[in-house]
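Have a look at the structure below before the remarks.
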Amino acid sequence: MVFTSNLFLFLFLPVFLLVYYAVKDNWRSHVIVLGSYAFYAWWRPDFLLLFVGISYWNYWFGLLIKRRLDADDKQGAFRLLTLGVIGDLATLGYFKYANFGVEVFNEILAPLGVNTFTLEHIILPLGISFYVFQAISYIVDIYRKDAEPTRRFVDFAAFIALFPQLIAGPILRYSLIDQQLKQRTHSLELFSLGASRFMLGFVKKVLIADSLAPMGTVILGDAEPQMLDAWFGMFICLVQLYFDFSGYSDMAIGLGMMMGFRFAENFNQPLLCQSMTEFWRRWHLTLADFLRDYIYMPLIRSKRMGADAALFCTMLLSGFWHGASFAYIVFGLYFAVLMLIERRMKWVTKVNGRYRFWRNVLALMLVVGVMPFFATGDIQHALNILTGMAGLRGIGSLDGYFLATSQMTVAFTAVALLWMALAGRINVRYYAGAKQGYWMQHVGGLSMALLWAAFGLSLTRLAANSFSPFLYFQF
């Protein structure tokens with residue numbers, strides 16, 4: 001089940017909200033858990049057992065770690081934490097990386113004449129990268145004494161299972177949401193704000209991202225792309241990815257507001273970045289914060305490596321987190337190297353700092369330059385596109401895009417570029433430094449009318465089944 005489906009919009013969500021607001025406050029966590037389990041099980045009921053198992057594993061380890069800390073046995077607590085994290089990572093590693101590991105192992109053994117072995121294809125459970133990270137943050141925060149373990153399993157299960165962000169984030173941190181699980185405010189104003197935010201994300205996904213998808217398909221299906229086609233195609237893939245993922249995040253945050261929750265923002269105009277470092281301070285913020293707090297900073301505090309080595313390892317792991325492929329490893333290494341170069345050149349720009357157009361253009365070109373690895377997930381395919389981007393097959397033209405796509409697609413491509421330009425202008429000139437989501441709290445009547453009109457148009461496209469899966473579901 002996905003947010004952009006008739007089943008979710010016209011059956012699951014209304015029924016869930018009706019039941020959620022009909023029960024008393026102390027029963028709402030139960031409604032969240034049951035509703036979220038039904039939402040997840042709609043895809044694969046058997047993987048719901050894995051999901052519940054991860055929840056129980058970390059819930060009990062949280063209690064055991066707290067008990068050891070109360071007994072002033074920090075070493076015992078650390079051993080429990082280590083065991084808990086190993087269990088989480090082993091589960092994630094098996095489902096996400098086992099097939100990749102076997103392939104690499106076989107490639108190493110084949111030249112030696114050693115018999116290789118095969119492993120049945122393992123299906124990747126939806127959202128496993130996200131809910132495993134949330135589970136790890138829970139037991140780590142308890143060990144660090146940044147949070148108290150919940151005594152009610154249903155509250156912890158609700159934290160892990162919250163269906164708005166279950167599949168693709170934002171990644172929740174228990175220390176930032178534990179009080180909301182115990183008590184939160186419900187109001188018509190917050191519900192209306194959440195509904196508006198959901199509609200905004202729905203429009204970004206269905207009208208913009210899905211309209212750009214055919215253009216992305218053109219470049220990914222071109223056997224020998226030329227320079228203009230390759231650069232334009234990869235830029236379109238980046239814009240599609242932004243509207244797809246930020247649209248999902250907007251819908252998740254909006255659904256959370258409709259239930260009384262305040263989730264962390266996940267994007268801050270990333271295509272306005274003026275360096276690779278700033279890009280990661282604007283893109284997928286909850287993942288960036290997780291990597292900083294649970295990998296980068298602990299590596300530095302351990303005094304076993306310097307800041308540069310810690311950054312290199314963190315970005316390498318970020319690439320590997322995105323997928324079991326050498327292409328994603330190259331993706332992580334690419335950012336690691338460029339971010340280290342920026343440190344040496346003192347070119348690390350600040351979010352909401354002074355905007356320079358040409359720095360923004362250069363940064364975007366660097367981001368687009370790594371998109372072949374991210375968009376394809378395959379080294380050979382990515383190198384084929386990079387060959388075209390380097391101009392080794394000629395200059396080319398954009399005729400293939402406009403001949404293979406409809407006028408509607410071209411129109412929405414223009415809308416996407418205009419949206420980014422205007423949103424970036426507003427962000428820089430008026431709301432620099434303001435709280436995320438500020439503008440959504442101050443939209444006027446005209447803006448709301450346009451939002452409703454765009455949402456209505458999105459529903460007509462949905463009725464025609466003209467949508468594509470969320471891109472981040474594969475991670």
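Following the order of the structure tokens, first chain is A, next is B, and so on, with residues numbered from 1 inside each chain and ligands from 1 in the order they appear.
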
Contacts of region 295-307 of chain A at 12 Å or less, counting only C-alpha atoms, minus same-chain residues fewer than 2 places along, as a PyMOL selection string?
chain A and resi 133+136-137+140+144+287-293+309-318+336+339-340+343

Save out the residues we just selected, N, CA and C atoms, as a PDB file, in the first residue's frame.
ATOM      1  N   PHE A 133      17.534   1.345  11.485  1.00  0.00           N
ATOM      2  CA  PHE A 133      18.255   2.516  11.993  1.00  0.00           C
ATOM      3  C   PHE A 133      17.529   3.127  13.191  1.00  0.00           C
ATOM      4  N   ILE A 136      18.156   0.929  16.221  1.00  0.00           N
ATOM      5  CA  ILE A 136      19.515   1.116  16.737  1.00  0.00           C
ATOM      6  C   ILE A 136      19.612   2.406  17.525  1.00  0.00           C
ATOM      7  N   SER A 137      19.019   3.482  17.008  1.00  0.00           N
ATOM      8  CA  SER A 137      19.091   4.762  17.710  1.00  0.00           C
ATOM      9  C   SER A 137      18.444   4.662  19.088  1.00  0.00           C
ATOM     10  N   VAL A 140      20.939   2.827  21.510  1.00  0.00           N
ATOM     11  CA  VAL A 140      22.128   3.665  21.692  1.00  0.00           C
ATOM     12  C   VAL A 140      21.791   4.869  22.567  1.00  0.00           C
ATOM     13  N   ARG A 144      23.477   5.890  26.100  1.00  0.00           N
ATOM     14  CA  ARG A 144      24.066   7.221  26.306  1.00  0.00           C
ATOM     15  C   ARG A 144      23.309   8.040  27.352  1.00  0.00           C
ATOM     16  N   LEU A 287      18.827  11.334   7.802  1.00  0.00           N
ATOM     17  CA  LEU A 287      19.917  10.377   7.586  1.00  0.00           C
ATOM     18  C   LEU A 287      21.261  11.032   7.881  1.00  0.00           C
ATOM     19  N   ALA A 288      21.451  12.271   7.417  1.00  0.00           N
ATOM     20  CA  ALA A 288      22.703  12.976   7.671  1.00  0.00           C
ATOM     21  C   ALA A 288      22.943  13.138   9.167  1.00  0.00           C
ATOM     22  N   ASP A 289      21.890  13.467   9.907  1.00  0.00           N
ATOM     23  CA  ASP A 289      22.027  13.612  11.365  1.00  0.00           C
ATOM     24  C   ASP A 289      22.351  12.277  12.022  1.00  0.00           C
ATOM     25  N   PHE A 290      21.720  11.204  11.529  1.00  0.00           N
ATOM     26  CA  PHE A 290      22.002   9.878  12.085  1.00  0.00           C
ATOM     27  C   PHE A 290      23.465   9.500  11.855  1.00  0.00           C
ATOM     28  N   LEU A 291      23.950   9.688  10.635  1.00  0.00           N
ATOM     29  CA  LEU A 291      25.345   9.358  10.321  1.00  0.00           C
ATOM     30  C   LEU A 291      26.311  10.187  11.157  1.00  0.00           C
ATOM     31  N   ARG A 292      25.971  11.456  11.365  1.00  0.00           N
ATOM     32  CA  ARG A 292      26.837  12.326  12.165  1.00  0.00           C
ATOM     33  C   ARG A 292      26.879  11.872  13.626  1.00  0.00           C
ATOM     34  N   ASP A 293      25.706  11.608  14.214  1.00  0.00           N
ATOM     35  CA  ASP A 293      25.636  11.341  15.654  1.00  0.00           C
ATOM     36  C   ASP A 293      26.006   9.911  16.036  1.00  0.00           C
ATOM     37  N   ALA A 309      39.508  11.041   8.242  1.00  0.00           N
ATOM     38  CA  ALA A 309      39.281   9.602   8.104  1.00  0.00           C
ATOM     39  C   ALA A 309      37.859   9.232   8.528  1.00  0.00           C
ATOM     40  N   ALA A 310      37.374   9.902   9.577  1.00  0.00           N
ATOM     41  CA  ALA A 310      36.007   9.647  10.038  1.00  0.00           C
ATOM     42  C   ALA A 310      34.991  10.054   8.978  1.00  0.00           C
ATOM     43  N   LEU A 311      35.230  11.197   8.327  1.00  0.00           N
ATOM     44  CA  LEU A 311      34.346  11.646   7.258  1.00  0.00           C
ATOM     45  C   LEU A 311      34.366  10.656   6.100  1.00  0.00           C
ATOM     46  N   PHE A 312      35.550  10.191   5.738  1.00  0.00           N
ATOM     47  CA  PHE A 312      35.682   9.247   4.632  1.00  0.00           C
ATOM     48  C   PHE A 312      34.891   7.973   4.927  1.00  0.00           C
ATOM     49  N   CYS A 313      35.053   7.423   6.121  1.00  0.00           N
ATOM     50  CA  CYS A 313      34.338   6.193   6.487  1.00  0.00           C
ATOM     51  C   CYS A 313      32.829   6.417   6.524  1.00  0.00           C
ATOM     52  N   THR A 314      32.410   7.565   7.044  1.00  0.00           N
ATOM     53  CA  THR A 314      30.979   7.858   7.149  1.00  0.00           C
ATOM     54  C   THR A 314      30.325   7.934   5.780  1.00  0.00           C
ATOM     55  N   MET A 315      30.966   8.648   4.843  1.00  0.00           N
ATOM     56  CA  MET A 315      30.373   8.775   3.515  1.00  0.00           C
ATOM     57  C   MET A 315      30.422   7.458   2.744  1.00  0.00           C
ATOM     58  N   LEU A 316      31.461   6.668   2.983  1.00  0.00           N
ATOM     59  CA  LEU A 316      31.520   5.350   2.367  1.00  0.00           C
ATOM     60  C   LEU A 316      30.353   4.489   2.837  1.00  0.00           C
ATOM     61  N   LEU A 317      30.089   4.525   4.138  1.00  0.00           N
ATOM     62  CA  LEU A 317      28.970   3.760   4.688  1.00  0.00           C
ATOM     63  C   LEU A 317      27.630   4.300   4.205  1.00  0.00           C
ATOM     64  N   SER A 318      27.553   5.618   3.994  1.00  0.00           N
ATOM     65  CA  SER A 318      26.298   6.186   3.488  1.00  0.00           C
ATOM     66  C   SER A 318      25.999   5.650   2.086  1.00  0.00           C
ATOM     67  N   ALA A 336      32.750  11.555  -0.496  1.00  0.00           N
ATOM     68  CA  ALA A 336      33.818  11.600   0.516  1.00  0.00           C
ATOM     69  C   ALA A 336      35.023  12.370  -0.004  1.00  0.00           C
ATOM     70  N   MET A 339      34.202  16.152  -0.530  1.00  0.00           N
ATOM     71  CA  MET A 339      34.040  16.857   0.742  1.00  0.00           C
ATOM     72  C   MET A 339      35.386  17.059   1.441  1.00  0.00           C
ATOM     73  N   LEU A 340      36.292  16.098   1.298  1.00  0.00           N
ATOM     74  CA  LEU A 340      37.638  16.269   1.856  1.00  0.00           C
ATOM     75  C   LEU A 340      38.402  17.361   1.107  1.00  0.00           C
ATOM     76  N   ARG A 343      37.266  20.680   2.324  1.00  0.00           N
ATOM     77  CA  ARG A 343      37.879  21.041   3.606  1.00  0.00           C
ATOM     78  C   ARG A 343      39.262  21.646   3.397  1.00  0.00           C
TER      79      ARG A 343
END

Find the spatial neighbours of Phe47 (chain A), counting only C-alpha atoms, within a cut-off of 12 Å - ignore same-chain residues fewer than 5 positions away - and output them as a list of chain:residue names.
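Once the nearby chain positions are removed, what remains is A:Tyr37, A:Ala38, A:Tyr40, A:Ala41, A:Trp42, A:Val52, A:Gly53, A:Ile54, A:Phe95, A:Ile123, A:Leu124, A:Pro125, A:Leu126, A:Gly127, A:Ile128.
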
Mind dumping the selected residues with N, CA and C atoms as a PDB file, in the first residue's frame?
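This went into out-v5.pdb:
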ATOM      1  N   TYR A  37       0.654  -1.994  11.312  1.00  0.00           N
ATOM      2  CA  TYR A  37       0.906  -3.387  10.942  1.00  0.00           C
ATOM      3  C   TYR A  37       0.058  -3.796   9.744  1.00  0.00           C
ATOM      4  N   ALA A  38      -1.199  -3.333   9.706  1.00  0.00           N
ATOM      5  CA  ALA A  38      -2.055  -3.630   8.557  1.00  0.00           C
ATOM      6  C   ALA A  38      -1.503  -2.962   7.298  1.00  0.00           C
ATOM      7  N   TYR A  40       1.651  -2.237   6.668  1.00  0.00           N
ATOM      8  CA  TYR A  40       2.862  -2.927   6.244  1.00  0.00           C
ATOM      9  C   TYR A  40       2.539  -4.313   5.689  1.00  0.00           C
ATOM     10  N   ALA A  41       1.618  -5.026   6.345  1.00  0.00           N
ATOM     11  CA  ALA A  41       1.303  -6.396   5.935  1.00  0.00           C
ATOM     12  C   ALA A  41       0.601  -6.448   4.583  1.00  0.00           C
ATOM     13  N   TRP A  42       0.046  -5.323   4.141  1.00  0.00           N
ATOM     14  CA  TRP A  42      -0.626  -5.315   2.838  1.00  0.00           C
ATOM     15  C   TRP A  42       0.350  -5.699   1.733  1.00  0.00           C
ATOM     16  N   VAL A  52       7.964  -7.312  13.599  1.00  0.00           N
ATOM     17  CA  VAL A  52       7.616  -7.441  15.014  1.00  0.00           C
ATOM     18  C   VAL A  52       8.813  -7.987  15.804  1.00  0.00           C
ATOM     19  N   GLY A  53       9.553  -8.924  15.205  1.00  0.00           N
ATOM     20  CA  GLY A  53      10.730  -9.477  15.875  1.00  0.00           C
ATOM     21  C   GLY A  53      11.782  -8.426  16.163  1.00  0.00           C
ATOM     22  N   ILE A  54      12.053  -7.550  15.196  1.00  0.00           N
ATOM     23  CA  ILE A  54      13.000  -6.450  15.409  1.00  0.00           C
ATOM     24  C   ILE A  54      12.522  -5.550  16.542  1.00  0.00           C
ATOM     25  N   PHE A  95      19.412  -9.546   4.692  1.00  0.00           N
ATOM     26  CA  PHE A  95      18.390  -9.256   3.698  1.00  0.00           C
ATOM     27  C   PHE A  95      18.876  -8.308   2.609  1.00  0.00           C
ATOM     28  N   ILE A 123      14.474 -11.473  -1.008  1.00  0.00           N
ATOM     29  CA  ILE A 123      13.624 -10.302  -1.192  1.00  0.00           C
ATOM     30  C   ILE A 123      13.928  -9.293  -0.085  1.00  0.00           C
ATOM     31  N   LEU A 124      14.127  -8.046  -0.471  1.00  0.00           N
ATOM     32  CA  LEU A 124      14.425  -6.994   0.496  1.00  0.00           C
ATOM     33  C   LEU A 124      13.124  -6.484   1.114  1.00  0.00           C
ATOM     34  N   PRO A 125      12.947  -6.640   2.427  1.00  0.00           N
ATOM     35  CA  PRO A 125      11.731  -6.124   3.069  1.00  0.00           C
ATOM     36  C   PRO A 125      11.640  -4.605   2.937  1.00  0.00           C
ATOM     37  N   LEU A 126      10.461  -4.117   2.664  1.00  0.00           N
ATOM     38  CA  LEU A 126      10.261  -2.678   2.530  1.00  0.00           C
ATOM     39  C   LEU A 126      10.631  -1.955   3.823  1.00  0.00           C
ATOM     40  N   GLY A 127      11.391  -0.873   3.681  1.00  0.00           N
ATOM     41  CA  GLY A 127      11.676  -0.008   4.811  1.00  0.00           C
ATOM     42  C   GLY A 127      12.659  -0.541   5.822  1.00  0.00           C
ATOM     43  N   ILE A 128      13.296  -1.692   5.566  1.00  0.00           N
ATOM     44  CA  ILE A 128      14.151  -2.293   6.581  1.00  0.00           C
ATOM     45  C   ILE A 128      15.332  -1.397   6.942  1.00  0.00           C
TER      46      ILE A 128
END

Distance in Å - CA of Ile65 (chain A) versus CA of Arg152 (chain A):
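Atom-to-atom, CA of Ile65 (chain A) and CA of Arg152 (chain A) are spaced 15.9 Å apart.
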
Please list as an mmCIF file with N, CA and C atoms, in the first residue's frame every residue within 12 Å of Gly456 (chain A), counting only C-alpha atoms and excluding residues in the same chain fewer than 3 positions away.
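For reference, selection.cif as written:
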data_model
loop_
_atom_site.group_PDB
_atom_site.id
_atom_site.type_symbol
_atom_site.label_atom_id
_atom_site.label_comp_id
_atom_site.auth_asym_id
_atom_site.auth_seq_id
_atom_site.Cartn_x
_atom_site.Cartn_y
_atom_site.Cartn_z
ATOM 1 N N MET A 199 -1.138 17.275 1.112
ATOM 2 C CA MET A 199 -1.534 17.596 -0.263
ATOM 3 C C MET A 199 -0.349 18.147 -1.050
ATOM 4 N N LEU A 200 0.470 18.962 -0.405
ATOM 5 C CA LEU A 200 1.654 19.495 -1.072
ATOM 6 C C LEU A 200 2.566 18.357 -1.524
ATOM 7 N N PHE A 202 1.725 15.266 -2.027
ATOM 8 C CA PHE A 202 1.014 14.484 -3.036
ATOM 9 C C PHE A 202 1.176 15.118 -4.410
ATOM 10 N N VAL A 203 1.066 16.428 -4.472
ATOM 11 C CA VAL A 203 1.232 17.151 -5.739
ATOM 12 C C VAL A 203 2.660 16.999 -6.250
ATOM 13 N N VAL A 206 2.885 13.158 -7.511
ATOM 14 C CA VAL A 206 2.047 12.701 -8.620
ATOM 15 C C VAL A 206 2.155 13.618 -9.837
ATOM 16 N N LEU A 207 2.111 14.930 -9.609
ATOM 17 C CA LEU A 207 2.141 15.855 -10.741
ATOM 18 C C LEU A 207 3.553 16.097 -11.257
ATOM 19 N N ALA A 449 -5.996 27.906 -2.595
ATOM 20 C CA ALA A 449 -6.823 27.595 -3.757
ATOM 21 C C ALA A 449 -6.003 26.880 -4.817
ATOM 22 N N LEU A 450 -4.776 27.347 -5.042
ATOM 23 C CA LEU A 450 -3.896 26.702 -6.004
ATOM 24 C C LEU A 450 -3.536 25.289 -5.544
ATOM 25 N N LEU A 451 -3.312 25.136 -4.230
ATOM 26 C CA LEU A 451 -2.972 23.819 -3.700
ATOM 27 C C LEU A 451 -4.127 22.844 -3.899
ATOM 28 N N TRP A 452 -5.348 23.287 -3.617
ATOM 29 C CA TRP A 452 -6.513 22.415 -3.810
ATOM 30 C C TRP A 452 -6.703 22.062 -5.283
ATOM 31 N N ALA A 453 -6.480 23.052 -6.150
ATOM 32 C CA ALA A 453 -6.620 22.792 -7.582
ATOM 33 C C ALA A 453 -5.586 21.774 -8.053
ATOM 34 N N LEU A 459 -5.419 13.980 -8.315
ATOM 35 C CA LEU A 459 -6.359 12.867 -8.153
ATOM 36 C C LEU A 459 -6.830 12.335 -9.496
ATOM 37 N N THR A 460 -6.980 13.225 -10.482
ATOM 38 C CA THR A 460 -7.387 12.751 -11.814
ATOM 39 C C THR A 460 -6.297 11.891 -12.434
ATOM 40 N N ARG A 461 -5.036 12.269 -12.218
ATOM 41 C CA ARG A 461 -3.927 11.439 -12.721
ATOM 42 C C ARG A 461 -3.877 10.112 -11.983
ATOM 43 N N LEU A 462 -4.186 10.160 -10.692
ATOM 44 C CA LEU A 462 -4.210 8.925 -9.914
ATOM 45 C C LEU A 462 -5.299 7.996 -10.423
ATOM 46 N N ALA A 463 -6.440 8.570 -10.768
ATOM 47 C CA ALA A 463 -7.551 7.757 -11.283
ATOM 48 C C ALA A 463 -7.182 7.069 -12.584
#

Which one of A:Ala324, A:Val361, A:Leu80, A:Leu383 sits closest to Tyr94 (chain A) if you count only C-alpha atoms?
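Nearest to Tyr94 (chain A): A:Ala324.
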
Please provide as a list in words all residues within 9 Å of Leu238 (chain A), with the sequence filter that same-chain residues fewer than 4 positions apart are discarded (counting only C-alpha atoms).
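Here the answer would be Gly233, Met234, Tyr242, Phe243, Val367, Val368, Met371 and Ala375 of chain A.
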
Could the residues in this selection be written to a file with N, CA and C atoms, as a short mmCIF file (atom, residue, chain, number, x, y, z; two decimals), in the first residue's frame?
data_model
loop_
_atom_site.label_atom_id
_atom_site.label_comp_id
_atom_site.auth_asym_id
_atom_site.auth_seq_id
_atom_site.Cartn_x
_atom_site.Cartn_y
_atom_site.Cartn_z
N GLY A 233 19.44 14.46 -19.16
CA GLY A 233 18.75 13.32 -18.57
C GLY A 233 19.10 13.10 -17.12
N MET A 234 20.39 13.24 -16.77
CA MET A 234 20.79 13.06 -15.38
C MET A 234 20.28 14.19 -14.50
N TYR A 242 14.36 14.40 -6.31
CA TYR A 242 14.07 15.40 -5.27
C TYR A 242 12.57 15.51 -5.03
N PHE A 243 11.79 15.68 -6.10
CA PHE A 243 10.35 15.84 -5.92
C PHE A 243 9.70 14.54 -5.43
N VAL A 367 26.93 17.32 -8.41
CA VAL A 367 25.92 16.36 -7.97
C VAL A 367 25.39 15.57 -9.16
N VAL A 368 25.09 16.25 -10.26
CA VAL A 368 24.60 15.57 -11.47
C VAL A 368 25.65 14.59 -11.97
N MET A 371 25.12 11.24 -10.45
CA MET A 371 23.79 10.66 -10.60
C MET A 371 23.77 9.37 -11.43
N ALA A 375 21.37 6.56 -10.09
CA ALA A 375 20.15 6.28 -10.86
C ALA A 375 20.14 4.87 -11.43
#

Nearest to Asp155 (chain A) among A:Ala411, A:Val31, A:Leu17, A:Val337, with distances taken over only C-alpha atoms: which residue is it?
A:Val31

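Shortest separation to Ile160 (chain A) among A:Val2, A:Ile122, A:Leu181, A:Ile379 occurs at residue A:Leu181, atoms counted being only C-alpha atoms.
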